[in-house]
file structure_38.txt (compact mmCIF, C-alpha atoms)
# COMPACT_ATOMS: atom_id res chain seq x y z
CA MET E 1 28.04 66.25 -113.93
CA ASP E 2 30.46 65.11 -111.28
CA ARG E 3 30.74 66.66 -107.92
CA ARG E 4 33.73 66.71 -105.65
CA ARG E 5 32.46 66.85 -102.14
CA PRO E 6 34.38 67.20 -98.91
CA ALA E 7 34.47 64.31 -96.51
CA PRO E 8 31.87 64.33 -93.70
CA VAL E 9 32.58 66.59 -90.70
CA GLY E 10 33.80 63.77 -88.46
CA GLY E 11 35.97 62.57 -91.28
CA ILE E 12 37.42 66.05 -91.75
CA ALA E 13 38.40 66.27 -88.10
CA ALA E 14 40.12 62.91 -88.25
CA LEU E 15 41.72 63.80 -91.54
CA CYS E 16 43.01 67.12 -90.17
CA ALA E 17 44.53 65.40 -87.19
CA THR E 18 46.20 62.93 -89.48
CA LEU E 19 47.43 65.70 -91.73
CA VAL E 20 48.93 67.68 -88.85
CA LEU E 21 50.79 64.64 -87.61
CA GLY E 22 51.66 63.60 -91.12
CA ALA E 23 52.94 67.06 -92.03
CA ALA E 24 55.26 67.05 -89.10
CA LEU E 25 56.68 63.69 -89.95
CA LEU E 26 56.39 63.24 -93.68
CA ALA E 27 55.48 65.21 -96.78
CA PRO E 28 54.93 68.92 -96.84
CA THR E 29 51.66 68.67 -98.82
CA VAL E 30 48.95 66.03 -98.73
CA LEU E 31 45.75 66.25 -100.79
CA ALA E 32 42.51 65.33 -99.11
CA ALA E 33 40.61 62.53 -100.89
CA SER E 34 37.44 63.63 -102.64
CA VAL E 35 34.22 61.80 -102.16
CA LEU E 36 31.67 61.24 -104.87
CA SER E 37 28.22 61.07 -103.43
CA VAL E 38 26.28 58.82 -105.79
CA HIS E 39 22.52 58.73 -105.78
CA ASP E 40 21.70 57.74 -109.31
CA THR E 41 18.76 56.09 -111.01
CA GLY E 42 18.89 54.35 -114.36
CA ARG E 43 15.91 53.35 -116.46
CA LEU E 44 17.29 50.74 -118.78
CA ARG E 45 16.07 48.99 -121.86
CA PHE E 46 16.76 45.44 -122.91
CA VAL E 47 19.62 45.02 -125.32
CA HIS E 48 20.53 41.36 -125.41
CA ALA E 49 20.16 38.10 -123.51
CA SER E 50 22.30 35.01 -123.24
CA GLY E 51 20.56 32.35 -121.23
CA SER E 52 20.26 33.53 -117.65
CA VAL E 53 22.17 36.77 -118.37
CA ILE E 54 20.42 39.92 -119.50
CA ILE E 55 22.21 42.97 -120.89
CA ASP E 56 20.44 46.29 -120.46
CA GLU E 57 21.56 49.83 -120.98
CA GLY E 58 20.22 53.35 -120.79
CA PRO E 59 20.53 56.80 -119.29
CA VAL E 60 21.29 57.54 -115.65
CA SER E 61 20.11 60.59 -113.80
CA GLY E 62 21.17 61.87 -110.41
CA SER E 63 24.41 63.03 -108.89
CA PHE E 64 26.58 61.28 -111.49
CA PRO E 65 24.53 61.41 -114.67
CA GLY E 66 25.50 59.60 -117.80
CA SER E 67 24.77 56.21 -119.23
CA VAL E 68 24.94 52.74 -117.77
CA ARG E 69 25.34 49.24 -119.13
CA VAL E 70 24.28 46.38 -116.86
CA ARG E 71 24.95 42.65 -117.00
CA PHE E 72 22.17 41.16 -114.89
CA LEU E 73 22.25 37.50 -113.83
CA TYR E 74 19.15 35.69 -112.58
CA ASP E 75 19.45 31.90 -112.55
CA GLY E 76 16.55 30.96 -110.29
CA GLU E 77 18.26 31.53 -106.96
CA PRO E 78 16.72 34.35 -104.92
CA THR E 79 20.01 36.24 -105.12
CA VAL E 80 20.51 38.15 -108.33
CA SER E 81 23.74 39.85 -109.36
CA ALA E 82 24.60 42.77 -111.57
CA GLN E 83 27.82 44.10 -113.03
CA PHE E 84 27.52 47.61 -114.31
CA THR E 85 29.50 50.55 -115.59
CA ILE E 86 28.26 54.12 -115.35
CA SER E 87 29.93 56.42 -117.85
CA GLY E 88 29.67 60.12 -117.10
CA HIS E 89 31.51 63.38 -117.49
CA GLY E 90 35.11 62.92 -116.51
CA GLY E 91 35.23 59.15 -116.36
CA SER E 92 33.45 55.93 -115.58
CA ILE E 93 32.69 53.83 -112.53
CA SER E 94 32.32 50.05 -112.55
CA ALA E 95 30.69 48.05 -109.80
CA HIS E 96 29.37 44.64 -108.90
CA GLY E 97 26.23 44.20 -106.89
CA THR E 98 24.13 41.42 -105.43
CA GLY E 99 20.62 41.61 -104.16
CA THR E 100 17.73 39.50 -103.03
CA LEU E 101 14.78 39.27 -105.34
CA SER E 102 11.35 39.51 -103.79
CA SER E 103 8.16 38.01 -105.24
CA PRO E 104 9.80 36.17 -108.14
CA THR E 105 6.46 35.25 -109.72
CA SER E 106 5.46 38.88 -109.88
CA ALA E 107 5.71 40.45 -113.33
CA THR E 108 7.97 43.11 -111.84
CA PRO E 109 9.89 41.76 -108.85
CA SER E 110 12.12 44.15 -106.98
CA PHE E 111 15.55 43.52 -105.51
CA GLY E 112 17.81 45.21 -103.03
CA GLY E 113 21.33 44.61 -101.80
CA HIS E 114 24.90 45.86 -101.80
CA MET E 115 27.32 46.99 -104.44
CA THR E 116 31.10 47.12 -104.42
CA ILE E 117 33.10 49.37 -106.67
CA THR E 118 35.42 47.32 -108.87
CA GLY E 119 37.16 50.09 -110.79
CA GLY E 120 36.99 53.39 -112.53
CA SER E 121 38.55 55.47 -115.27
CA GLY E 122 39.50 59.08 -115.93
CA ARG E 123 38.90 61.26 -112.91
CA TYR E 124 37.57 58.22 -111.05
CA ALA E 125 40.46 55.89 -111.77
CA HIS E 126 41.04 55.43 -108.04
CA ILE E 127 37.45 55.30 -106.90
CA HIS E 128 36.61 52.64 -104.36
CA GLY E 129 34.12 51.80 -101.68
CA ALA E 130 30.71 50.27 -101.46
CA GLY E 131 27.08 51.23 -101.40
CA GLU E 132 23.58 50.01 -101.88
CA LEU E 133 21.80 48.84 -104.98
CA PHE E 134 18.06 48.67 -105.56
CA GLY E 135 16.07 47.78 -108.59
CA VAL E 136 12.99 46.49 -110.31
CA TYR E 137 13.19 43.81 -112.98
CA ASN E 138 10.45 43.67 -115.58
CA ARG E 139 10.09 39.99 -116.47
CA ARG E 140 7.99 40.78 -119.55
CA SER E 141 10.18 43.40 -121.24
CA TYR E 142 13.47 42.53 -119.46
CA ALA E 143 13.84 46.22 -118.66
CA LEU E 144 15.54 47.22 -115.42
CA THR E 145 15.18 50.22 -113.19
CA VAL E 146 18.19 50.43 -110.90
CA GLN E 147 19.26 52.84 -108.21
CA ALA E 148 22.79 53.04 -106.82
CA VAL E 149 23.51 54.90 -103.59
CA GLY E 150 26.86 55.41 -101.94
CA LYS E 151 29.62 57.79 -100.85
CA LEU E 152 32.69 56.80 -102.79
CA PRO E 153 36.20 58.18 -102.19
CA TYR E 154 38.29 58.77 -105.30
CA MET W 1 13.30 19.13 -98.04
CA CYS W 2 11.08 16.22 -99.03
CA LEU W 3 13.71 15.08 -101.47
CA ALA W 4 16.34 15.19 -98.73
CA LEU W 5 14.01 13.20 -96.52
CA ALA W 6 13.47 10.66 -99.27
CA LEU W 7 17.22 10.40 -99.80
CA ALA W 8 17.72 9.96 -96.06
CA LEU W 9 15.10 7.25 -95.95
CA ARG W 10 17.04 5.43 -98.63
CA CYS W 11 19.73 4.77 -96.01
CA CYS W 12 17.19 3.09 -93.76
CA VAL W 13 15.06 1.14 -96.18
CA PRO W 14 16.65 -1.83 -97.93
CA ALA W 15 16.47 -1.66 -101.69
CA GLY W 16 14.79 -4.39 -103.67
CA ALA W 17 16.69 -7.66 -103.84
CA GLY W 18 16.69 -7.73 -107.64
CA ALA W 19 18.42 -5.52 -110.17
CA ALA W 20 18.57 -1.82 -109.47
CA GLN W 21 16.01 0.39 -111.11
CA SER W 22 17.23 1.99 -114.33
CA ALA W 23 16.14 5.19 -116.01
CA LYS W 24 16.35 6.79 -119.45
CA ILE W 25 15.93 10.45 -120.22
CA ASN W 26 15.72 12.52 -123.36
CA ALA W 27 15.89 16.26 -123.90
CA ARG W 28 15.28 18.61 -126.79
CA LEU W 29 15.46 22.37 -127.34
CA THR W 30 13.13 23.72 -129.99
CA PRO W 31 14.16 25.80 -131.81
CA GLU W 32 17.79 25.34 -130.93
CA ARG W 33 19.30 28.67 -131.87
CA LEU W 34 22.02 30.00 -129.60
CA GLY W 35 21.08 33.25 -127.91
CA SER W 36 17.40 32.82 -128.77
CA ALA W 37 14.32 31.66 -126.91
CA SER W 38 13.34 28.03 -127.00
CA ALA W 39 10.96 25.44 -125.60
CA VAL W 40 12.58 22.82 -123.39
CA PHE W 41 11.37 19.22 -123.78
CA LEU W 42 12.42 16.79 -121.10
CA GLY W 43 11.24 13.23 -120.90
CA PHE W 44 12.04 10.09 -118.97
CA GLN W 45 11.24 6.42 -118.89
CA LEU W 46 11.49 4.11 -115.92
CA PRO W 47 11.57 0.61 -117.40
CA ALA W 48 10.21 -2.46 -115.67
CA ARG W 49 12.60 -4.00 -113.16
CA ASP W 50 12.85 -7.81 -113.22
CA GLY W 51 9.63 -7.81 -115.21
CA HIS W 52 7.81 -5.81 -112.56
CA THR W 53 6.42 -2.31 -112.61
CA PRO W 54 8.89 0.17 -111.08
CA PRO W 55 8.15 1.18 -107.50
CA ALA W 56 6.18 4.34 -106.84
CA LEU W 57 8.21 7.49 -107.37
CA GLY W 58 8.72 9.82 -104.41
CA ALA W 59 10.82 12.60 -105.86
CA MET W 60 12.87 13.58 -108.87
CA GLN W 61 15.57 16.11 -109.59
CA LEU W 62 15.76 17.25 -113.18
CA ALA W 63 19.09 18.90 -113.93
CA TYR W 64 19.55 21.39 -116.75
CA PRO W 65 22.43 23.69 -117.76
CA ALA W 66 22.65 26.37 -115.07
CA ASN W 67 23.03 29.13 -117.64
CA LEU W 68 19.80 28.23 -119.42
CA GLY W 69 17.37 31.12 -119.09
CA LEU W 70 14.58 29.38 -117.22
CA ALA W 71 14.28 32.03 -114.53
CA THR W 72 14.60 34.82 -117.10
CA SER W 73 12.14 33.18 -119.49
CA GLY W 74 9.24 35.47 -118.72
CA LEU W 75 7.19 32.37 -117.96
CA GLY W 76 5.12 32.32 -114.80
CA LEU W 77 4.30 36.03 -114.49
CA ALA W 78 1.50 35.13 -112.11
CA SER W 79 1.09 32.33 -109.62
CA CYS W 80 -1.56 29.71 -109.09
CA SER W 81 -2.74 28.47 -105.72
CA ALA W 82 -2.06 24.77 -105.17
CA SER W 83 -5.31 24.33 -103.30
CA GLU W 84 -7.38 25.94 -106.05
CA LEU W 85 -5.53 23.94 -108.68
CA GLU W 86 -6.24 20.74 -106.80
CA ALA W 87 -9.90 21.60 -106.23
CA ILE W 88 -10.85 23.12 -109.58
CA GLY W 89 -8.13 22.26 -112.06
CA GLY W 90 -6.05 24.28 -114.50
CA GLU W 91 -8.89 26.65 -115.34
CA ALA W 92 -8.58 28.04 -111.81
CA CYS W 93 -5.13 29.38 -112.63
CA PRO W 94 -4.34 32.74 -114.24
CA PRO W 95 -3.25 32.35 -117.88
CA ASN W 96 0.03 34.09 -117.07
CA SER W 97 0.88 31.39 -114.53
CA ARG W 98 0.94 28.65 -117.17
CA MET W 99 4.50 27.51 -117.92
CA GLY W 100 4.12 24.34 -119.93
CA SER W 101 2.40 21.03 -120.44
CA GLY W 102 3.07 17.38 -120.97
CA THR W 103 1.94 13.81 -120.79
CA ALA W 104 2.73 10.86 -118.59
CA ILE W 105 2.02 7.16 -118.34
CA VAL W 106 1.33 5.53 -115.02
CA GLU W 107 0.98 1.85 -114.25
CA LEU W 108 -1.28 0.09 -111.78
CA PRO W 109 0.16 -3.29 -110.85
CA LEU W 110 -3.03 -5.25 -110.22
CA LYS W 111 -3.16 -8.96 -109.29
CA ILE W 112 -3.90 -10.31 -112.76
CA GLU W 113 -2.29 -7.73 -114.97
CA THR W 114 -0.65 -4.34 -114.99
CA VAL W 115 -2.87 -1.59 -116.33
CA SER W 116 -1.55 1.58 -117.95
CA GLU W 117 -3.17 4.97 -117.82
CA HIS W 118 -2.42 8.09 -119.84
CA ILE W 119 -2.12 11.27 -117.87
CA SER W 120 -2.17 14.88 -119.03
CA LEU W 121 0.11 17.38 -117.35
CA GLU W 122 -0.15 21.13 -116.97
CA VAL W 123 2.67 23.17 -115.48
CA PHE W 124 2.01 26.37 -113.53
CA ALA W 125 4.01 28.80 -111.45
CA GLY W 126 3.16 28.45 -107.79
CA PRO W 127 3.33 30.99 -104.99
CA SER W 128 6.84 31.68 -103.73
CA PRO W 129 7.14 31.75 -99.93
CA ASP W 130 10.95 31.76 -99.98
CA GLY W 131 12.18 33.75 -102.98
CA TYR W 132 12.60 30.66 -105.15
CA LEU W 133 10.48 30.00 -108.22
CA HIS W 134 8.00 27.26 -107.42
CA VAL W 135 6.18 25.16 -109.98
CA LEU W 136 3.04 23.07 -109.74
CA VAL W 137 2.43 20.16 -112.07
CA TYR W 138 -1.24 19.26 -112.34
CA ALA W 139 -1.57 15.61 -113.33
CA SER W 140 -4.98 14.48 -114.47
CA GLY W 141 -6.09 10.96 -115.40
CA VAL W 142 -9.53 9.70 -116.28
CA PHE W 143 -9.54 5.92 -116.67
CA PRO W 144 -9.22 3.38 -115.12
CA VAL W 145 -8.47 5.56 -112.14
CA TYR W 146 -10.04 9.00 -112.11
CA ALA W 147 -7.59 11.13 -110.21
CA GLN W 148 -6.01 14.55 -110.18
CA VAL W 149 -2.87 15.19 -108.19
CA VAL W 150 -0.59 18.18 -107.85
CA LEU W 151 3.15 17.66 -107.91
CA SER W 152 5.07 20.53 -106.36
CA GLY W 153 8.50 21.58 -107.45
CA VAL W 154 11.07 24.27 -106.93
CA LEU W 155 13.46 25.75 -109.42
CA LEU W 156 16.99 25.94 -108.12
CA ARG W 157 20.15 26.92 -109.95
CA GLY W 158 20.43 24.30 -112.69
CA GLN W 159 17.81 21.94 -111.39
CA LEU W 160 14.10 21.46 -110.93
CA SER W 161 13.24 19.39 -107.86
CA ILE W 162 9.80 17.80 -107.90
CA VAL W 163 8.09 15.91 -105.11
CA VAL W 164 5.65 13.23 -106.22
CA PRO W 165 2.91 12.48 -103.69
CA PRO W 166 1.67 8.93 -103.27
CA ILE W 167 -1.05 8.30 -105.85
CA PRO W 168 -3.57 5.79 -104.50
CA SER W 169 -5.41 3.57 -106.97
CA PHE W 170 -7.93 1.01 -105.69
CA PRO W 171 -8.44 -0.22 -102.14
CA GLU W 172 -5.75 -2.74 -101.19
CA ALA W 173 -3.91 -2.17 -104.48
CA PRO W 174 -0.41 -0.68 -104.45
CA ASP W 175 0.16 2.98 -105.24
CA ILE W 176 0.30 4.03 -108.86
CA SER W 177 3.76 4.06 -110.46
CA LEU W 178 4.83 6.84 -112.77
CA THR W 179 6.75 5.15 -115.57
CA GLN W 180 7.01 7.77 -118.33
CA MET W 181 6.81 11.53 -118.54
CA GLN W 182 7.25 14.11 -121.29
CA LEU W 183 7.33 17.68 -120.06
CA THR W 184 7.56 20.87 -122.09
CA ILE W 185 8.52 24.17 -120.50
CA GLY W 186 7.54 27.01 -122.80
CA GLY W 187 6.05 26.23 -126.18
CA HIS W 188 2.90 27.81 -127.53
CA LEU W 189 1.45 29.68 -124.55
CA THR W 190 -0.82 32.69 -124.56
CA TYR W 191 -0.34 35.37 -121.94
CA TYR W 192 -2.15 38.67 -121.47
CA GLU W 193 -0.92 42.15 -120.68
CA HIS W 194 -2.58 45.48 -120.18
CA SER W 195 -2.36 47.99 -122.98
CA GLY W 196 -4.29 50.98 -121.78
CA ALA W 197 -7.67 49.66 -120.69
CA LYS W 198 -7.40 46.55 -122.87
CA LEU W 199 -6.00 43.12 -122.16
CA VAL W 200 -3.85 42.15 -125.10
CA PRO W 201 -2.72 38.57 -125.75
CA TYR W 202 0.88 37.73 -126.53
CA HIS W 203 3.07 34.65 -126.71
CA PRO W 204 5.92 34.57 -124.19
CA PRO W 205 9.17 33.84 -126.03
CA GLY W 206 10.30 30.96 -123.83
CA VAL W 207 13.54 29.79 -122.31
CA GLY W 208 16.60 31.71 -123.47
CA LEU W 209 19.56 29.70 -124.69
CA PRO W 210 23.10 30.88 -123.97
CA SER W 211 25.08 32.44 -126.79
CA SER W 212 27.56 29.58 -126.72
CA CYS W 213 27.21 25.82 -126.47
CA PRO W 214 29.54 23.77 -124.25
CA SER W 215 31.60 21.04 -125.91
CA GLY W 216 29.57 17.89 -125.64
CA GLY W 217 26.30 19.79 -125.89
CA PHE W 218 23.86 21.05 -123.30
CA PRO W 219 23.86 18.53 -120.43
CA PHE W 220 20.65 17.31 -118.83
CA GLY W 221 20.23 14.77 -116.06
CA ALA W 222 17.70 13.28 -113.74
CA THR W 223 17.74 11.52 -110.41
CA PHE W 224 14.71 9.51 -109.30
CA VAL W 225 14.03 8.52 -105.72
CA PHE W 226 11.51 5.74 -105.21
CA LEU W 227 9.34 5.17 -102.19
CA ASP W 228 10.92 1.73 -101.62
CA GLY W 229 14.29 3.41 -101.14
CA ASP W 230 15.72 2.65 -104.55
CA GLN W 231 17.24 5.38 -106.67
CA ALA W 232 18.07 5.77 -110.35
CA SER W 233 19.91 8.37 -112.41
CA ALA W 234 20.28 9.12 -116.08
CA HIS W 235 22.07 11.70 -118.19
CA THR W 236 21.86 12.98 -121.71
CA ALA W 237 23.00 15.97 -123.75
CA VAL W 238 21.38 18.04 -126.44
CA PRO W 239 23.97 18.33 -129.22
CA CYS W 240 25.15 21.81 -130.11
CA PRO W 241 23.42 23.31 -133.12
CA ARG W 242 25.32 23.19 -136.37
CA ARG W 243 26.91 26.43 -137.44
CA SER W 244 25.01 27.89 -140.37
call {"tool": "encode", "arguments": {"input": "structure_38.txt", "output": "structure tokens"}}
result
Amino acid sequence: MDRRRPAPVGGIAALCATLVLGAALLAPTVLAASVLSVHDTGRLRFVHASGSVIIDEGPVSGSFPGSVRVRFLYDGEPTVSAQFTISGHGGSISAHGTGTLSSPTSATPSFGGHMTITGGSGRYAHIHGAGELFGVYNRRSYALTVQAVGKLPY
Amino acid sequence: MCLALALALRCCVPAGAGAAQSAKINARLTPERLGSASAVFLGFQLPARDGHTPPALGAMQLAYPANLGLATSGLGLASCSASELEAIGGEACPPNSRMGSGTAIVELPLKIETVSEHISLEVFAGPSPDGYLHVLVYASGVFPVYAQVVLSGVLLRGQLSIVVPPIPSFPEAPDISLTQMQLTIGGHLTYYEHSGAKLVPYHPPGVGLPSSCPSGGFPFGATFVFLDGDQASAHTAVPCPRRS
């Protein structure tokens, strides 16, 4: 389920001011940008590996439910990276994230960092912005639990 | 950091007057199936220089293809304390910290003759104070010098850096020289995991190979830094597997 949410209150005030000025000078109608508030968690299973790259996929629950496919790279550096696409009702969102892995000799190290939206499709074709990415990597099963959080204009 | 220090010292310490130290390395991936897990064999030889035993080794950098799945191998799911390893030996380490094994040959250049000693190696995951994967290599020899030393290493992107501590032999004799090493990461290891209340053994799959092989094969390399300031490098490649 996708949710169109209004911009935050401060943002609305600024947007209104812009619209009033803009209406006087430019177009007669301007649509306010919607914001997708993402707070989603995916519990993913291992699909395939190629050297230091692991491919996982699985269901996502939260504000933008659907399914996700993740390309997770861990090459020994403390910084891990993930490219992922969440496919839900109305379109898909793709992002790239990096995070720092803690306790790499643990069986289930966790990581946290930032994500940047790289593209979208359908209703979210113009989505952009950034957010935070958290996760736990199971070194035995190669399963991932990931959480993406962000407010993304589209 | 120790490797950087050793490299820096090389600028200050004159190398031996004779020929430069040479090195040979060999590498093998078993089984070598693209996209599958494998054991990584890496060996080196440091031949005699001008008929003399090579100088004592201070550090080595073993380079491997950066997209090899060493970090994602599932090896080293626990860590072993260096102090306990040094004091008690490999049995002090959790089974899930074991990452591999190997052998080495060291030489003791005595006055009358040079004596060789066979060494057994055990590789463990060490504690990580900095987010990097650390490894400990427990080297154990029995005769003619009874000694156990721990070599510490860190896994970086595409390379394993190992610091070799000075290995004393007899009073007034020079330090022991490491002249050959064969190291296996992965292989037949037994790990344990909880299944309900039980501990169930399993064999970790090993180091994942990429789905494609670069032209020229999988490149491996090694750089050796000796305590006398000399340095040697060698390269090799594991040929790509034949298409079935």
call {"tool": "residues_around", "arguments": {"input": "structure_38.txt", "residues": "Asp56 (chain E)", "least_positions_apart": "2", "cutoff": "6 Å", "atoms": "all atoms listed in the file", "output": "ChimeraX atom specification"}}
result
/E:44-47,69-70
call {"tool": "residues_around", "arguments": {"input": "structure_38.txt", "residues": "Phe170 (chain W)", "least_positions_apart": "3", "cutoff": "10 Å", "atoms": "all atoms listed in the file", "output": "list in words"}}
result
Leu108, Leu110, Pro144, Val145, Ala173, Pro174, Asp175 and Ile176 of chain W
call {"tool": "write_last_selection", "arguments": {"input": "structure_38.txt", "atoms": "C-alpha atoms", "output": "mmCIF file, in the frame of the given file"}}
result
data_model
loop_
_atom_site.group_PDB
_atom_site.id
_atom_site.type_symbol
_atom_site.label_atom_id
_atom_site.label_comp_id
_atom_site.auth_asym_id
_atom_site.auth_seq_id
_atom_site.Cartn_x
_atom_site.Cartn_y
_atom_site.Cartn_z
ATOM 1 C CA LEU W 108 -1.280 0.090 -111.780
ATOM 2 C CA LEU W 110 -3.030 -5.250 -110.220
ATOM 3 C CA PRO W 144 -9.220 3.380 -115.120
ATOM 4 C CA VAL W 145 -8.470 5.560 -112.140
ATOM 5 C CA ALA W 173 -3.910 -2.170 -104.480
ATOM 6 C CA PRO W 174 -0.410 -0.680 -104.450
ATOM 7 C CA ASP W 175 0.160 2.980 -105.240
ATOM 8 C CA ILE W 176 0.300 4.030 -108.860
#
call {"tool": "residues_around", "arguments": {"input": "structure_38.txt", "residues": "Glu193 (chain W)", "least_positions_apart": "5", "cutoff": "9 Å", "atoms": "all atoms listed in the file", "output": "ChimeraX atom specification"}}
result
/W:96,198-202
call {"tool": "closest_residue", "arguments": {"input": "structure_38.txt", "among": "W:Ala78, W:Ala63, W:Ala104, W:Ala92", "to": "Thr108 (chain E)", "atoms": "all atoms listed in the file"}}
result
W:Ala78
call {"tool": "closest_atom_pairs", "arguments": {"input": "structure_38.txt", "of": "chain E", "to": "chain W", "cutoff": "6 Å", "atoms": "all atoms listed in the file", "output": "tab-separated table"}}
result
residue	atom	partner	partner_atom	distance
E:Ser50	CA	W:Pro210	CA	4.3
E:Gly51	CA	W:Pro210	CA	4.0
E:Ser52	CA	W:Gly69	CA	4.0
E:Asp75	CA	W:Ala71	CA	5.5
E:Gly76	CA	W:Ala71	CA	4.9
E:Glu77	CA	W:Arg157	CA	5.8
E:Pro78	CA	W:Gly131	CA	5.0
E:Ser102	CA	W:Gly131	CA	5.9
E:Thr105	CA	W:Leu77	CA	5.3
E:Ser106	CA	W:Leu77	CA	5.5
E:Ala107	CA	W:Leu77	CA	4.8
E:Arg139	CA	W:Gly74	CA	5.1
E:Arg140	CA	W:Gly74	CA	5.5
call {"tool": "atom_distance", "arguments": {"input": "structure_38.txt", "atom1": "CA of Leu152 (chain E)", "atom2": "CA of Tyr124 (chain E)"}}
result
9.7 Å
call {"tool": "atom_distance", "arguments": {"input": "structure_38.txt", "atom1": "CA of Gly100 (chain W)", "atom2": "CA of Gln180 (chain W)"}}
result
16.9 Å
call {"tool": "residues_near_point", "arguments": {"input": "structure_38.txt", "point": "(9.1, -0.6, -113.3)", "cutoff": "9 Å", "atoms": "only C-alpha atoms", "output": "NGL selection string"}}
result
:W and (21-22 or 46-56 or 107 or 177-179)
